[in-house]
Amino acid sequence: MSDIFYTIEAPTEAKYTEKMSKFLAYAFPVRTVEEAKARIAEVAKRYYDARHVCWAYMIGPDRTVCLSSDNGEPSGTAGKPILGQINSFNLTDVVIVVVRYFGGIKLGTSGLISAYREAAREALAEAVILECYVPENISFTFPYLSMNGVMKIVKQPGITTLSQVFDNACEMTVSIRRDEAERLRGALAKVDGVTFR
């Protein structure tokens, strides 16, 4: 499985009108379900007078945590089409909230599906899509005498030092994209005295 995933860089918004019904769509980058719920609550509070505040989110690099809500619209006409747009853009770590103000003309099931889908699509079309990598942390110890060998390896591009302790016995934790972790472990294992924690 690839360690690449896609998300949005910053919040975006879009407005879509269908037969006098107004759909206000908001897309937010989020890292957790709690953050997604907080964004949903924030929009619902701001538009407390709206008839429907529908939403969908997808969380995690493996894209397995997702949920959607029709918030009183006929079943499957709002949350699912919003989630469908997250899927069609192949995104994760994102929540989309669509607020509907009823304009007096009923849209029918297919009209609702297409309006919610289009509102969500327009919000995502405004977004800058980021390519991200699943990180893996590697912790190891080594003797002070092996410092030069270790530093040559961990100073390479794409490796981030999270913590380090330099003493007679040295400790380090570094982060690297998951697909490169095995190669880094192999390189470090060749340095005298390196042991993984």
# chains A, B, ... in the order shown; residues from 1 in each chain; ligands from 1

$ residues_around --residues "Leu145 of chain A" --least-positions-apart "6" --cutoff "12 Å" --atoms "only C-alpha atoms" --output "PDB file with all heavy atoms, in the first residue's frame"
ATOM      1  N   MET A 151      25.240  10.728  11.786  1.00  0.00           N
ATOM      2  CA  MET A 151      24.840  12.056  11.320  1.00  0.00           C
ATOM      3  C   MET A 151      24.863  12.152   9.794  1.00  0.00           C
ATOM      4  O   MET A 151      24.010  12.816   9.203  1.00  0.00           O
ATOM      5  CB  MET A 151      25.730  13.145  11.936  1.00  0.00           C
ATOM      6  CG  MET A 151      25.567  13.280  13.447  1.00  0.00           C
ATOM      7  SD  MET A 151      23.858  13.266  14.034  1.00  0.00           S
ATOM      8  CE  MET A 151      23.391  14.957  13.781  1.00  0.00           C
ATOM      9  N   PHE A 166      22.854  13.522  23.121  1.00  0.00           N
ATOM     10  CA  PHE A 166      24.244  13.149  22.856  1.00  0.00           C
ATOM     11  C   PHE A 166      24.996  13.062  24.176  1.00  0.00           C
ATOM     12  O   PHE A 166      25.154  14.050  24.883  1.00  0.00           O
ATOM     13  CB  PHE A 166      24.917  14.159  21.915  1.00  0.00           C
ATOM     14  CG  PHE A 166      24.258  14.239  20.570  1.00  0.00           C
ATOM     15  CD1 PHE A 166      24.065  15.458  19.950  1.00  0.00           C
ATOM     16  CD2 PHE A 166      23.829  13.095  19.917  1.00  0.00           C
ATOM     17  CE1 PHE A 166      23.464  15.539  18.697  1.00  0.00           C
ATOM     18  CE2 PHE A 166      23.220  13.155  18.667  1.00  0.00           C
ATOM     19  CZ  PHE A 166      23.042  14.381  18.055  1.00  0.00           C
ATOM     20  N   ASP A 167      25.443  11.857  24.512  1.00  0.00           N
ATOM     21  CA  ASP A 167      26.195  11.597  25.732  1.00  0.00           C
ATOM     22  C   ASP A 167      27.126  10.440  25.401  1.00  0.00           C
ATOM     23  O   ASP A 167      27.320  10.136  24.231  1.00  0.00           O
ATOM     24  CB  ASP A 167      25.201  11.236  26.862  1.00  0.00           C
ATOM     25  CG  ASP A 167      25.763  11.629  28.228  1.00  0.00           C
ATOM     26  OD1 ASP A 167      26.992  11.763  28.349  1.00  0.00           O
ATOM     27  OD2 ASP A 167      24.948  11.809  29.166  1.00  0.00           O
ATOM     28  N   ASN A 168      27.634   9.720  26.413  1.00  0.00           N
ATOM     29  CA  ASN A 168      28.428   8.525  26.101  1.00  0.00           C
ATOM     30  C   ASN A 168      27.596   7.556  25.275  1.00  0.00           C
ATOM     31  O   ASN A 168      28.061   6.999  24.291  1.00  0.00           O
ATOM     32  CB  ASN A 168      28.927   7.853  27.382  1.00  0.00           C
ATOM     33  CG  ASN A 168      30.036   8.681  28.011  1.00  0.00           C
ATOM     34  OD1 ASN A 168      30.672   9.487  27.328  1.00  0.00           O
ATOM     35  ND2 ASN A 168      30.257   8.496  29.308  1.00  0.00           N
ATOM     36  N   ALA A 169      26.362   7.371  25.720  1.00  0.00           N
ATOM     37  CA  ALA A 169      25.394   6.624  24.906  1.00  0.00           C
ATOM     38  C   ALA A 169      24.433   7.660  24.328  1.00  0.00           C
ATOM     39  O   ALA A 169      23.862   8.456  25.063  1.00  0.00           O
ATOM     40  CB  ALA A 169      24.641   5.621  25.770  1.00  0.00           C
ATOM     41  N   CYS A 170      24.296   7.660  23.018  1.00  0.00           N
ATOM     42  CA  CYS A 170      23.462   8.666  22.359  1.00  0.00           C
ATOM     43  C   CYS A 170      22.120   8.049  21.951  1.00  0.00           C
ATOM     44  O   CYS A 170      22.041   6.848  21.687  1.00  0.00           O
ATOM     45  CB  CYS A 170      24.166   9.202  21.119  1.00  0.00           C
ATOM     46  SG  CYS A 170      25.790   9.891  21.487  1.00  0.00           S
ATOM     47  N   VAL A 191      26.040   0.971  10.775  1.00  0.00           N
ATOM     48  CA  VAL A 191      26.899   1.799  11.618  1.00  0.00           C
ATOM     49  C   VAL A 191      27.163   1.039  12.930  1.00  0.00           C
ATOM     50  O   VAL A 191      26.245   0.481  13.527  1.00  0.00           O
ATOM     51  CB  VAL A 191      26.248   3.168  11.917  1.00  0.00           C
ATOM     52  CG1 VAL A 191      27.134   4.004  12.852  1.00  0.00           C
ATOM     53  CG2 VAL A 191      25.976   3.922  10.628  1.00  0.00           C
ATOM     54  N   ASP A 192      28.444   1.019  13.350  1.00  0.00           N
ATOM     55  CA  ASP A 192      28.841   0.290  14.583  1.00  0.00           C
ATOM     56  C   ASP A 192      28.002   0.704  15.788  1.00  0.00           C
ATOM     57  O   ASP A 192      27.897   1.901  16.078  1.00  0.00           O
ATOM     58  CB  ASP A 192      30.328   0.575  14.926  1.00  0.00           C
ATOM     59  CG  ASP A 192      31.246  -0.350  14.161  1.00  0.00           C
ATOM     60  OD1 ASP A 192      30.746  -1.313  13.544  1.00  0.00           O
ATOM     61  OD2 ASP A 192      32.478  -0.095  14.180  1.00  0.00           O
ATOM     62  N   GLY A 193      27.435  -0.267  16.477  1.00  0.00           N
ATOM     63  CA  GLY A 193      26.785  -0.025  17.765  1.00  0.00           C
ATOM     64  C   GLY A 193      25.380   0.523  17.716  1.00  0.00           C
ATOM     65  O   GLY A 193      24.802   0.821  18.764  1.00  0.00           O
ATOM     66  N   VAL A 194      24.780   0.677  16.520  1.00  0.00           N
ATOM     67  CA  VAL A 194      23.404   1.183  16.452  1.00  0.00           C
ATOM     68  C   VAL A 194      22.444   0.080  16.857  1.00  0.00           C
ATOM     69  O   VAL A 194      22.499  -1.038  16.333  1.00  0.00           O
ATOM     70  CB  VAL A 194      23.052   1.694  15.036  1.00  0.00           C
ATOM     71  CG1 VAL A 194      21.543   1.901  14.898  1.00  0.00           C
ATOM     72  CG2 VAL A 194      23.779   3.000  14.731  1.00  0.00           C
TER      73      VAL A 194
END

$ closest_atom_pairs --of "segment 94-154 of chain A" --to "segment 34-52 of chain A" --cutoff "12 Å" --atoms "only C-alpha atoms" --output "JSON lines"
{"residue": "A:Val94", "atom": "CA", "partner": "A:Ala36", "partner_atom": "CA", "distance": 7.6}
{"residue": "A:Val95", "atom": "CA", "partner": "A:Ala36", "partner_atom": "CA", "distance": 5.8}
{"residue": "A:Ile96", "atom": "CA", "partner": "A:Ile40", "partner_atom": "CA", "distance": 8.2}
{"residue": "A:Val97", "atom": "CA", "partner": "A:Ile40", "partner_atom": "CA", "distance": 6.3}
{"residue": "A:Val98", "atom": "CA", "partner": "A:His52", "partner_atom": "CA", "distance": 8.1}
{"residue": "A:Val99", "atom": "CA", "partner": "A:His52", "partner_atom": "CA", "distance": 5.9}
{"residue": "A:Arg100", "atom": "CA", "partner": "A:His52", "partner_atom": "CA", "distance": 5.3}
{"residue": "A:Tyr101", "atom": "CA", "partner": "A:Ala50", "partner_atom": "CA", "distance": 5.4}
{"residue": "A:Phe102", "atom": "CA", "partner": "A:Arg51", "partner_atom": "CA", "distance": 6.8}
{"residue": "A:Gly103", "atom": "CA", "partner": "A:Arg51", "partner_atom": "CA", "distance": 10.4}
{"residue": "A:Gly104", "atom": "CA", "partner": "A:Arg51", "partner_atom": "CA", "distance": 11.7}
{"residue": "A:Leu112", "atom": "CA", "partner": "A:His52", "partner_atom": "CA", "distance": 11.8}
{"residue": "A:Tyr116", "atom": "CA", "partner": "A:His52", "partner_atom": "CA", "distance": 11.2}

$ write_last_selection --atoms "all heavy atoms" --output "tab-separated table (two decimals), in the first residue's frame"
chain	number	residue	atom	x	y	z
A	94	VAL	N	-10.33	15.62	5.72
A	94	VAL	CA	-11.13	16.75	5.25
A	94	VAL	C	-12.58	16.57	5.71
A	94	VAL	O	-13.06	15.44	5.85
A	94	VAL	CB	-11.06	16.85	3.70
A	94	VAL	CG1	-11.69	15.66	3.02
A	94	VAL	CG2	-11.72	18.13	3.18
A	95	VAL	N	-13.24	17.69	6.03
A	95	VAL	CA	-14.68	17.68	6.32
A	95	VAL	C	-15.32	18.74	5.42
A	95	VAL	O	-14.74	19.81	5.21
A	95	VAL	CB	-15.00	17.96	7.81
A	95	VAL	CG1	-14.47	19.31	8.29
A	95	VAL	CG2	-16.50	17.86	8.10
A	96	ILE	N	-16.47	18.39	4.85
A	96	ILE	CA	-17.23	19.36	4.05
A	96	ILE	C	-18.60	19.52	4.69
A	96	ILE	O	-19.27	18.53	4.99
A	96	ILE	CB	-17.40	18.89	2.59
A	96	ILE	CG1	-16.03	18.74	1.93
A	96	ILE	CG2	-18.26	19.89	1.80
A	96	ILE	CD1	-16.10	18.20	0.51
A	97	VAL	N	-18.97	20.78	4.93
A	97	VAL	CA	-20.27	21.09	5.51
A	97	VAL	C	-21.04	21.92	4.48
A	97	VAL	O	-20.51	22.92	3.97
A	97	VAL	CB	-20.11	21.91	6.82
A	97	VAL	CG1	-21.46	22.09	7.51
A	97	VAL	CG2	-19.11	21.24	7.76
A	98	VAL	N	-22.27	21.50	4.18
A	98	VAL	CA	-23.09	22.25	3.22
A	98	VAL	C	-24.37	22.73	3.93
A	98	VAL	O	-25.13	21.92	4.47
A	98	VAL	CB	-23.45	21.41	1.98
A	98	VAL	CG1	-24.30	22.24	1.01
A	98	VAL	CG2	-22.19	20.92	1.27
A	99	VAL	N	-24.57	24.04	3.94
A	99	VAL	CA	-25.73	24.67	4.58
A	99	VAL	C	-26.76	24.93	3.49
A	99	VAL	O	-26.43	25.48	2.44
A	99	VAL	CB	-25.30	26.01	5.21
A	99	VAL	CG1	-26.51	26.71	5.84
A	99	VAL	CG2	-24.20	25.81	6.23
A	100	ARG	N	-28.03	24.55	3.75
A	100	ARG	CA	-29.07	24.81	2.75
A	100	ARG	C	-30.13	25.77	3.30
A	100	ARG	O	-30.68	25.54	4.38
A	100	ARG	CB	-29.75	23.51	2.34
A	100	ARG	CG	-30.86	23.77	1.32
A	100	ARG	CD	-31.68	22.54	1.04
A	100	ARG	NE	-32.73	22.82	0.05
A	100	ARG	CZ	-33.80	22.07	-0.11
A	100	ARG	NH1	-33.97	20.99	0.62
A	100	ARG	NH2	-34.71	22.40	-1.00
A	101	TYR	N	-30.38	26.80	2.53
A	101	TYR	CA	-31.53	27.68	2.79
A	101	TYR	C	-32.58	27.38	1.74
A	101	TYR	O	-32.32	27.57	0.54
A	101	TYR	CB	-31.10	29.15	2.73
A	101	TYR	CG	-30.38	29.61	3.97
A	101	TYR	CD1	-28.99	29.65	4.01
A	101	TYR	CD2	-31.08	29.98	5.12
A	101	TYR	CE1	-28.32	30.07	5.15
A	101	TYR	CE2	-30.42	30.40	6.27
A	101	TYR	CZ	-29.04	30.44	6.27
A	101	TYR	OH	-28.39	30.84	7.41
A	102	PHE	N	-33.73	26.91	2.18
A	102	PHE	CA	-34.81	26.50	1.26
A	102	PHE	C	-35.38	27.73	0.55
A	102	PHE	O	-35.66	28.74	1.18
A	102	PHE	CB	-35.89	25.78	2.06
A	102	PHE	CG	-37.00	25.22	1.22
A	102	PHE	CD1	-36.74	24.38	0.15
A	102	PHE	CD2	-38.33	25.55	1.50
A	102	PHE	CE1	-37.77	23.87	-0.61
A	102	PHE	CE2	-39.37	25.04	0.74
A	102	PHE	CZ	-39.08	24.20	-0.32
A	103	GLY	N	-35.53	27.61	-0.78
A	103	GLY	CA	-36.00	28.75	-1.56
A	103	GLY	C	-37.46	28.68	-1.93
A	103	GLY	O	-37.95	29.49	-2.72
A	104	GLY	N	-38.21	27.70	-1.39
A	104	GLY	CA	-39.65	27.64	-1.65
A	104	GLY	C	-40.04	26.66	-2.75
A	104	GLY	O	-41.21	26.33	-2.90
A	112	LEU	N	-31.86	17.27	-5.21
A	112	LEU	CA	-31.09	17.45	-3.98
A	112	LEU	C	-29.71	16.82	-4.11
A	112	LEU	O	-28.69	17.43	-3.76
A	112	LEU	CB	-31.83	16.82	-2.78
A	112	LEU	CG	-33.02	17.60	-2.24
A	112	LEU	CD1	-33.78	16.77	-1.22
A	112	LEU	CD2	-32.55	18.92	-1.61
A	116	TYR	N	-26.32	19.08	-3.71
A	116	TYR	CA	-25.32	18.87	-2.65
A	116	TYR	C	-23.99	18.44	-3.25
A	116	TYR	O	-22.92	18.87	-2.81
A	116	TYR	CB	-25.81	17.84	-1.63
A	116	TYR	CG	-26.73	18.46	-0.60
A	116	TYR	CD1	-28.11	18.29	-0.66
A	116	TYR	CD2	-26.21	19.24	0.43
A	116	TYR	CE1	-28.96	18.88	0.29
A	116	TYR	CE2	-27.05	19.83	1.38
A	116	TYR	CZ	-28.41	19.65	1.29
A	116	TYR	OH	-29.23	20.24	2.23

$ select_by_dssp --residues "segment 37-158 of chain A" --states "helix (DSSP H, G or I)" --output "count of residues only"
49

$ residues_around --residues "Gln156 of chain A" --least-positions-apart "2" --cutoff "12 Å" --atoms "only C-alpha atoms" --output "list in words"
Val150, Met151, Lys152, Ile153, Val154, Gly158, Ile159, Thr160, Thr161, Val174, Ser175, Ile176, Glu180, Leu184 and Ala187 of chain A

$ residues_around --residues "Ala120 of chain A" --least-positions-apart "5" --cutoff "7 Å" --atoms "only C-alpha atoms" --output "ChimeraX atom specification"
/A:25,82,85,96

$ write_last_selection --atoms "C-alpha atoms" --output "mmCIF file, in the first residue's frame"
data_model
loop_
_atom_site.group_PDB
_atom_site.id
_atom_site.type_symbol
_atom_site.label_atom_id
_atom_site.label_comp_id
_atom_site.auth_asym_id
_atom_site.auth_seq_id
_atom_site.Cartn_x
_atom_site.Cartn_y
_atom_site.Cartn_z
ATOM 1 C CA ALA A 25 -20.375 24.763 1.100
ATOM 2 C CA ILE A 82 -20.873 15.175 -0.293
ATOM 3 C CA GLN A 85 -17.006 14.289 -3.872
ATOM 4 C CA ILE A 96 -17.228 19.355 4.050
#

$ atom_distance --atom1 "atom CA of Pro29 of chain A" --atom2 "atom CA of Pro135 of chain A"
18.0 Å

$ select_by_dssp --residues "segment 8-60 of chain A" --states "strand (DSSP E)" --output "MDAnalysis selection string"
chainID A and resid 8 12:18 21:29 52:59

$ write_last_selection --atoms "N, CA and C atoms" --output "mmCIF file, in the first residue's frame"
data_model
loop_
_atom_site.group_PDB
_atom_site.id
_atom_site.type_symbol
_atom_site.label_atom_id
_atom_site.label_comp_id
_atom_site.auth_asym_id
_atom_site.auth_seq_id
_atom_site.Cartn_x
_atom_site.Cartn_y
_atom_site.Cartn_z
ATOM 1 N N ILE A 8 -6.446 18.840 1.723
ATOM 2 C CA ILE A 8 -6.489 20.236 1.269
ATOM 3 C C ILE A 8 -5.635 21.104 2.187
ATOM 4 N N THR A 12 -11.844 26.287 2.427
ATOM 5 C CA THR A 12 -12.384 26.956 1.228
ATOM 6 C C THR A 12 -13.899 27.017 1.360
ATOM 7 N N GLU A 13 -14.520 27.845 0.534
ATOM 8 C CA GLU A 13 -15.981 27.907 0.534
ATOM 9 C C GLU A 13 -16.504 28.155 -0.867
ATOM 10 N N ALA A 14 -17.757 27.792 -1.072
ATOM 11 C CA ALA A 14 -18.400 28.017 -2.366
ATOM 12 C C ALA A 14 -19.894 28.194 -2.136
ATOM 13 N N LYS A 15 -20.547 28.846 -3.099
ATOM 14 C CA LYS A 15 -22.001 29.054 -3.000
ATOM 15 C C LYS A 15 -22.635 28.515 -4.277
ATOM 16 N N TYR A 16 -23.711 27.762 -4.107
ATOM 17 C CA TYR A 16 -24.393 27.178 -5.253
ATOM 18 C C TYR A 16 -25.891 27.443 -5.091
ATOM 19 N N THR A 17 -26.549 27.870 -6.156
ATOM 20 C CA THR A 17 -27.989 28.143 -6.088
ATOM 21 C C THR A 17 -28.724 27.229 -7.058
ATOM 22 N N GLU A 18 -29.820 26.638 -6.575
ATOM 23 C CA GLU A 18 -30.645 25.771 -7.419
ATOM 24 C C GLU A 18 -32.106 26.069 -7.106
ATOM 25 N N SER A 21 -33.085 27.767 -3.920
ATOM 26 C CA SER A 21 -32.450 27.238 -2.702
ATOM 27 C C SER A 21 -30.968 27.593 -2.759
ATOM 28 N N LYS A 22 -30.443 28.105 -1.615
ATOM 29 C CA LYS A 22 -29.024 28.467 -1.555
ATOM 30 C C LYS A 22 -28.265 27.391 -0.810
ATOM 31 N N PHE A 23 -27.140 26.964 -1.383
ATOM 32 C CA PHE A 23 -26.277 25.969 -0.753
ATOM 33 C C PHE A 23 -24.914 26.616 -0.507
ATOM 34 N N LEU A 24 -24.537 26.718 0.770
ATOM 35 C CA LEU A 24 -23.235 27.288 1.135
ATOM 36 C C LEU A 24 -22.340 26.129 1.562
ATOM 37 N N ALA A 25 -21.248 25.917 0.831
ATOM 38 C CA ALA A 25 -20.375 24.763 1.100
ATOM 39 C C ALA A 25 -19.045 25.223 1.688
ATOM 40 N N TYR A 26 -18.623 24.517 2.732
ATOM 41 C CA TYR A 26 -17.354 24.818 3.407
ATOM 42 C C TYR A 26 -16.530 23.547 3.494
ATOM 43 N N ALA A 27 -15.270 23.619 3.058
ATOM 44 C CA ALA A 27 -14.355 22.482 3.182
ATOM 45 C C ALA A 27 -13.228 22.882 4.133
ATOM 46 N N PHE A 28 -12.903 21.987 5.075
ATOM 47 C CA PHE A 28 -11.851 22.270 6.065
ATOM 48 C C PHE A 28 -10.860 21.110 6.114
ATOM 49 N N PRO A 29 -9.560 21.408 6.225
ATOM 50 C CA PRO A 29 -8.613 20.334 6.523
ATOM 51 C C PRO A 29 -8.725 19.985 8.007
ATOM 52 N N HIS A 52 -31.184 23.066 6.882
ATOM 53 C CA HIS A 52 -30.346 21.861 6.904
ATOM 54 C C HIS A 52 -28.868 22.230 6.904
ATOM 55 N N VAL A 53 -28.100 21.532 7.755
ATOM 56 C CA VAL A 53 -26.637 21.637 7.742
ATOM 57 C C VAL A 53 -26.130 20.204 7.576
ATOM 58 N N CYS A 54 -25.790 19.845 6.338
ATOM 59 C CA CYS A 54 -25.400 18.465 6.021
ATOM 60 C C CYS A 54 -23.881 18.396 5.866
ATOM 61 N N TRP A 55 -23.322 17.214 6.084
ATOM 62 C CA TRP A 55 -21.857 17.136 6.088
ATOM 63 C C TRP A 55 -21.353 15.725 5.811
ATOM 64 N N ALA A 56 -20.032 15.664 5.553
ATOM 65 C CA ALA A 56 -19.336 14.383 5.429
ATOM 66 C C ALA A 56 -17.865 14.621 5.741
ATOM 67 N N TYR A 57 -17.238 13.605 6.335
ATOM 68 C CA TYR A 57 -15.781 13.706 6.541
ATOM 69 C C TYR A 57 -15.103 12.383 6.241
ATOM 70 N N MET A 58 -13.795 12.485 5.970
ATOM 71 C CA MET A 58 -12.927 11.331 5.751
ATOM 72 C C MET A 58 -11.638 11.629 6.509
ATOM 73 N N ILE A 59 -11.215 10.685 7.349
ATOM 74 C CA ILE A 59 -10.040 10.909 8.199
ATOM 75 C C ILE A 59 -9.056 9.747 8.035
#

$ atom_distance --atom1 "atom CA of Pro61 of chain A" --atom2 "atom CA of Glu122 of chain A"
23.3 Å

$ residues_around --residues "Arg178 of chain A" --least-positions-apart "3" --cutoff "9 Å" --atoms "only C-alpha atoms" --output "PyMOL selection string"
chain A and resi 2-3+133-137+175+181-182

$ closest_residue --among "A:Glu9, A:Asp62, A:Asp179, A:Glu171" --to "Pro143 of chain A" --atoms "only C-alpha atoms"
A:Glu171

$ closest_residue --among "A:Ile105, A:Ile4, A:Ile138, A:Val165" --to "Arg183 of chain A" --atoms "only C-alpha atoms"
A:Ile138

$ atom_distance --atom1 "atom CA of Lys155 of chain A" --atom2 "atom CA of Thr7 of chain A"
27.6 Å

$ residues_around --residues "Asp70 of chain A" --least-positions-apart "2" --cutoff "8 Å" --atoms "only C-alpha atoms" --output "list of chain:residue names"
A:Val53, A:Cys54, A:Trp55, A:Ser68, A:Gly72, A:Glu73, A:Pro74, A:Ser75, A:Gly76, A:Thr77, A:Ala78, A:Gly79, A:Lys80

$ closest_residue --among "A:Met20, A:Arg197, A:Cys132, A:Pro11" --to "Lys106 of chain A" --atoms "only C-alpha atoms"
A:Met20

$ closest_residue --among "A:Val33, A:Leu91, A:Ile113, A:Leu124" --to "Leu67 of chain A" --atoms "only C-alpha atoms"
A:Val33
